[in-house]
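Down below is the structure, laid out as structure tokens.
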Amino acid sequence: MKSMLIAGAIALAFPTAPAPATPPAPPPAPALALPAPTGGHAVGRSDVHLVDPGLPDPWVSGRPRELMVSLWYPARRAPGRTAPYVTPQESALVLKGYPQTRDLPPDTLARTRTHARADAPALGRRRGWPLVIMSPGMSLPRATLTSLAEDLASRGYVVAGIGHAYEAVATTFPDGRTVPMEAGRGGMTEEVGAKVARVRAADTAFVLDRLERARRWNRLIDERRIAMAGHSVGGQSAAHLLPVNDRIDAAVNLDGSYNPKTPARPVTKPFMMIGNPRQQPVTGGDPKSWDLFWPHVTGDRKRWLTVTGADHMSFVDYAVLAPRLGMPAYPMDGERSLKITREYLAAFLDTHLKGRHRTLLDGPSAKYPEVRFW
């Protein structure tokens, strides 16, 4: 008995260490979905890997230039899985770049619901569909253009979204490699901006050449009707490419600042730039890049628009995805800003590629009072 009492006293004096606390469970992955397309066609999507063995990659040594291109197109209605938004590897690297998302499951973005069916049978059309080349912003995956591309495909366009390798935070190739961003690591200087514009011009020409030679796609595309649209540096690249590429008939810049500030030749073809309020004309002080570029847009089929309440990412998928990921919301509701972008982009392309005049481009609209004409 005495021994038992002594043991009990020792146990009270030196209590056993508590069991280690169970680490908190990671937050559940938010439910992410893109707004549904608004046109009358079902949408398909195919991803294509293109390699130019004769062209060295401009950003890394010892490799040929290779691109991933997503093609959205009008499709026959058929069952099947929806196309993935991004790969799990791309999702992990994108989320790693934002402090608000680092605790989320790394494949969160890969689970985003899209509306295009993977490799769905294409809906053919005599003479093909108009083609829209799309180019994303610097560091952004081509997937960020999905809402716009799906909507255009549902309205009767083929859309080719170019993944410019080493200019996005992550690009996954079919062999499983996921390559990181290399371009502009030292910052977006005038020299880097000019190089990006040159690289994207070469990438676009390469993609157009391959699509023309690919039997699957040249039957779907009307090569007499081609436009280019891009966001941020993709938009400024479209603007610079328009006057020097004979195959591109019209272009749209979605909130891209210009670097270089002026085009190599005057822009005489149909052109529209639409951006956040910081892109409106300067009335005092030093002119900004849009002010410097605009005098070189000499054609009469041009539009300069800004959207009150929009921010830089309001024109792409992050408008709706960022708030769901716990990131700060933009001043304008994401669904609203994407609706505006879709409507004005489609109105411009319908007018200049399909010959269907859309009055939305004629001036301010009571339906979209946020949009200002300059």
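We label chains A, B, ... in the order they appear in the structure tokens, count residues from 1 in each chain, and number ligands from 1 in the order shown.
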Spatial neighbours of region 181-190 of chain A, 8 Å, only C-alpha atoms, chain gap at least 4 places, as an NGL selection string: :A and (59-60 or 139 or 165-170 or 194 or 259-260)
All alpha helix (DSSP H) positions in region 82-131 of chain A, as JSON, numbers by chain: {"A": [88, 89, 90, 91, 92, 93, 94, 95, 96]}
Which residues of region 256-373 of chain A sit at most 9 Å from region 151-156 of chain A, using only C-alpha atoms? Give each one's shortest atom pair and distance in Å (one decimal place), in chain and ascending residue order, as CSV.
residue,atom,partner,partner_atom,distance
A:Arg342,CA,A:Asp151,CA,7.1
A:Leu345,CA,A:Leu152,CA,8.7
A:Ala346,CA,A:Leu152,CA,6.8
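Shortest atom-to-atom contact with Lys195 (chain A) among A:His231, A:Arg126, A:Pro58, A:Pro105: A:Pro58, counting only C-alpha atoms.
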Give me, as a VMD selection string, all polymer residues having an atom no more than 9 Å from region 367-372 of chain A, counting only C-alpha atoms and skipping those fewer than 3 positions away in the same chain. chain A and resid 274 280 304 to 310 340 363 to 364
Point-to-point distance in Å for CA of Tyr73 (chain A) and CA of Pro88 (chain A): 24.1 Å
Closest contacts (region 208-301 of chain A/region 133-138 of chain A, max 10 Å, only C-alpha atoms) as JSON lines:
{"residue": "A:Leu208", "atom": "CA", "partner": "A:Ile133", "partner_atom": "CA", "distance": 8.7}
{"residue": "A:Ile226", "atom": "CA", "partner": "A:Ile133", "partner_atom": "CA", "distance": 7.6}
{"residue": "A:Ala227", "atom": "CA", "partner": "A:Ile133", "partner_atom": "CA", "distance": 6.3}
{"residue": "A:Met228", "atom": "CA", "partner": "A:Ile133", "partner_atom": "CA", "distance": 4.5}
{"residue": "A:Ala229", "atom": "CA", "partner": "A:Met134", "partner_atom": "CA", "distance": 5.0}
{"residue": "A:Gly230", "atom": "CA", "partner": "A:Ser135", "partner_atom": "CA", "distance": 4.5}
{"residue": "A:His231", "atom": "CA", "partner": "A:Gly137", "partner_atom": "CA", "distance": 5.1}
{"residue": "A:Ser232", "atom": "CA", "partner": "A:Gly137", "partner_atom": "CA", "distance": 4.7}
{"residue": "A:Val233", "atom": "CA", "partner": "A:Gly137", "partner_atom": "CA", "distance": 5.0}
{"residue": "A:Gly234", "atom": "CA", "partner": "A:Ser135", "partner_atom": "CA", "distance": 4.6}
{"residue": "A:Gly235", "atom": "CA", "partner": "A:Ser135", "partner_atom": "CA", "distance": 7.1}
{"residue": "A:Gln236", "atom": "CA", "partner": "A:Gly137", "partner_atom": "CA", "distance": 9.5}
{"residue": "A:Ser237", "atom": "CA", "partner": "A:Ser135", "partner_atom": "CA", "distance": 8.1}
{"residue": "A:Ala238", "atom": "CA", "partner": "A:Ser135", "partner_atom": "CA", "distance": 7.8}
{"residue": "A:Ile248", "atom": "CA", "partner": "A:Ile133", "partner_atom": "CA", "distance": 9.1}
{"residue": "A:Ala251", "atom": "CA", "partner": "A:Ile133", "partner_atom": "CA", "distance": 9.2}
{"residue": "A:Val252", "atom": "CA", "partner": "A:Met134", "partner_atom": "CA", "distance": 9.5}
{"residue": "A:Asn253", "atom": "CA", "partner": "A:Ser135", "partner_atom": "CA", "distance": 9.9}
{"residue": "A:Leu254", "atom": "CA", "partner": "A:Gly137", "partner_atom": "CA", "distance": 9.4}
{"residue": "A:Asp255", "atom": "CA", "partner": "A:Gly137", "partner_atom": "CA", "distance": 9.6}
{"residue": "A:Gly256", "atom": "CA", "partner": "A:Gly137", "partner_atom": "CA", "distance": 8.1}
Store the residues picked out above in a file with N, CA and C atoms, as a short mmCIF file (atom, residue, chain, number, x, y, z; two decimals), in the first residue's frame.
data_model
loop_
_atom_site.label_atom_id
_atom_site.label_comp_id
_atom_site.auth_asym_id
_atom_site.auth_seq_id
_atom_site.Cartn_x
_atom_site.Cartn_y
_atom_site.Cartn_z
N LEU A 208 -1.29 29.76 -86.28
CA LEU A 208 -2.10 29.90 -87.49
C LEU A 208 -1.61 28.96 -88.59
N ILE A 226 -10.56 36.05 -89.36
CA ILE A 226 -9.74 35.77 -88.19
C ILE A 226 -9.55 37.04 -87.37
N ALA A 227 -9.74 36.94 -86.06
CA ALA A 227 -9.49 38.06 -85.15
C ALA A 227 -8.59 37.57 -84.02
N MET A 228 -8.02 38.52 -83.31
CA MET A 228 -7.21 38.19 -82.14
C MET A 228 -7.67 39.05 -80.97
N ALA A 229 -7.77 38.43 -79.81
CA ALA A 229 -8.14 39.15 -78.58
C ALA A 229 -7.24 38.66 -77.46
N GLY A 230 -6.90 39.55 -76.55
CA GLY A 230 -6.04 39.15 -75.45
C GLY A 230 -6.25 40.02 -74.23
N HIS A 231 -5.80 39.48 -73.10
CA HIS A 231 -5.90 40.19 -71.83
C HIS A 231 -4.51 40.65 -71.40
N SER A 232 -4.43 41.87 -70.89
CA SER A 232 -3.19 42.41 -70.36
C SER A 232 -2.11 42.40 -71.46
N VAL A 233 -0.97 41.74 -71.22
CA VAL A 233 0.07 41.73 -72.25
C VAL A 233 -0.40 40.99 -73.49
N GLY A 234 -1.35 40.07 -73.34
CA GLY A 234 -1.94 39.43 -74.51
C GLY A 234 -2.75 40.40 -75.34
N GLY A 235 -3.39 41.38 -74.69
CA GLY A 235 -4.14 42.39 -75.41
C GLY A 235 -3.24 43.37 -76.15
N GLN A 236 -2.16 43.79 -75.49
CA GLN A 236 -1.25 44.70 -76.18
C GLN A 236 -0.54 43.98 -77.32
N SER A 237 -0.31 42.67 -77.17
CA SER A 237 0.30 41.91 -78.26
C SER A 237 -0.64 41.84 -79.46
N ALA A 238 -1.94 41.65 -79.19
CA ALA A 238 -2.92 41.63 -80.28
C ALA A 238 -2.93 42.96 -81.01
N ILE A 248 -4.83 38.55 -89.85
CA ILE A 248 -5.69 38.99 -88.75
C ILE A 248 -6.48 40.21 -89.20
N ALA A 251 -8.91 43.12 -83.94
CA ALA A 251 -8.27 42.78 -82.66
C ALA A 251 -8.95 43.51 -81.51
N VAL A 252 -8.84 42.90 -80.32
CA VAL A 252 -9.40 43.47 -79.10
C VAL A 252 -8.34 43.39 -78.00
N ASN A 253 -8.12 44.51 -77.33
CA ASN A 253 -7.21 44.57 -76.19
C ASN A 253 -8.05 44.69 -74.92
N LEU A 254 -7.97 43.68 -74.05
CA LEU A 254 -8.68 43.69 -72.77
C LEU A 254 -7.73 44.15 -71.68
N ASP A 255 -7.72 45.45 -71.43
CA ASP A 255 -7.02 46.08 -70.31
C ASP A 255 -5.50 45.90 -70.35
N GLY A 256 -4.93 45.80 -71.54
CA GLY A 256 -3.49 45.68 -71.63
C GLY A 256 -2.81 47.01 -71.87
#
CA of Pro37 (chain A) and CA of Leu220 (chain A) are how many Å apart?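 Calculated distance between CA of Pro37 (chain A) and CA of Leu220 (chain A) is 20.0 Å.
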Going by DSSP on the backbone, which residues of region 118-255 of chain A come out as strand (DSSP E or B)? List them as a ChimeraX atom specification. /A:118,122,129-135,139,158-163,168,170-172,178-180,221-231,250-254
note - CA of Pro331 (chain A) and CA of Asp311 (chain A) are separated by 7.2 Å
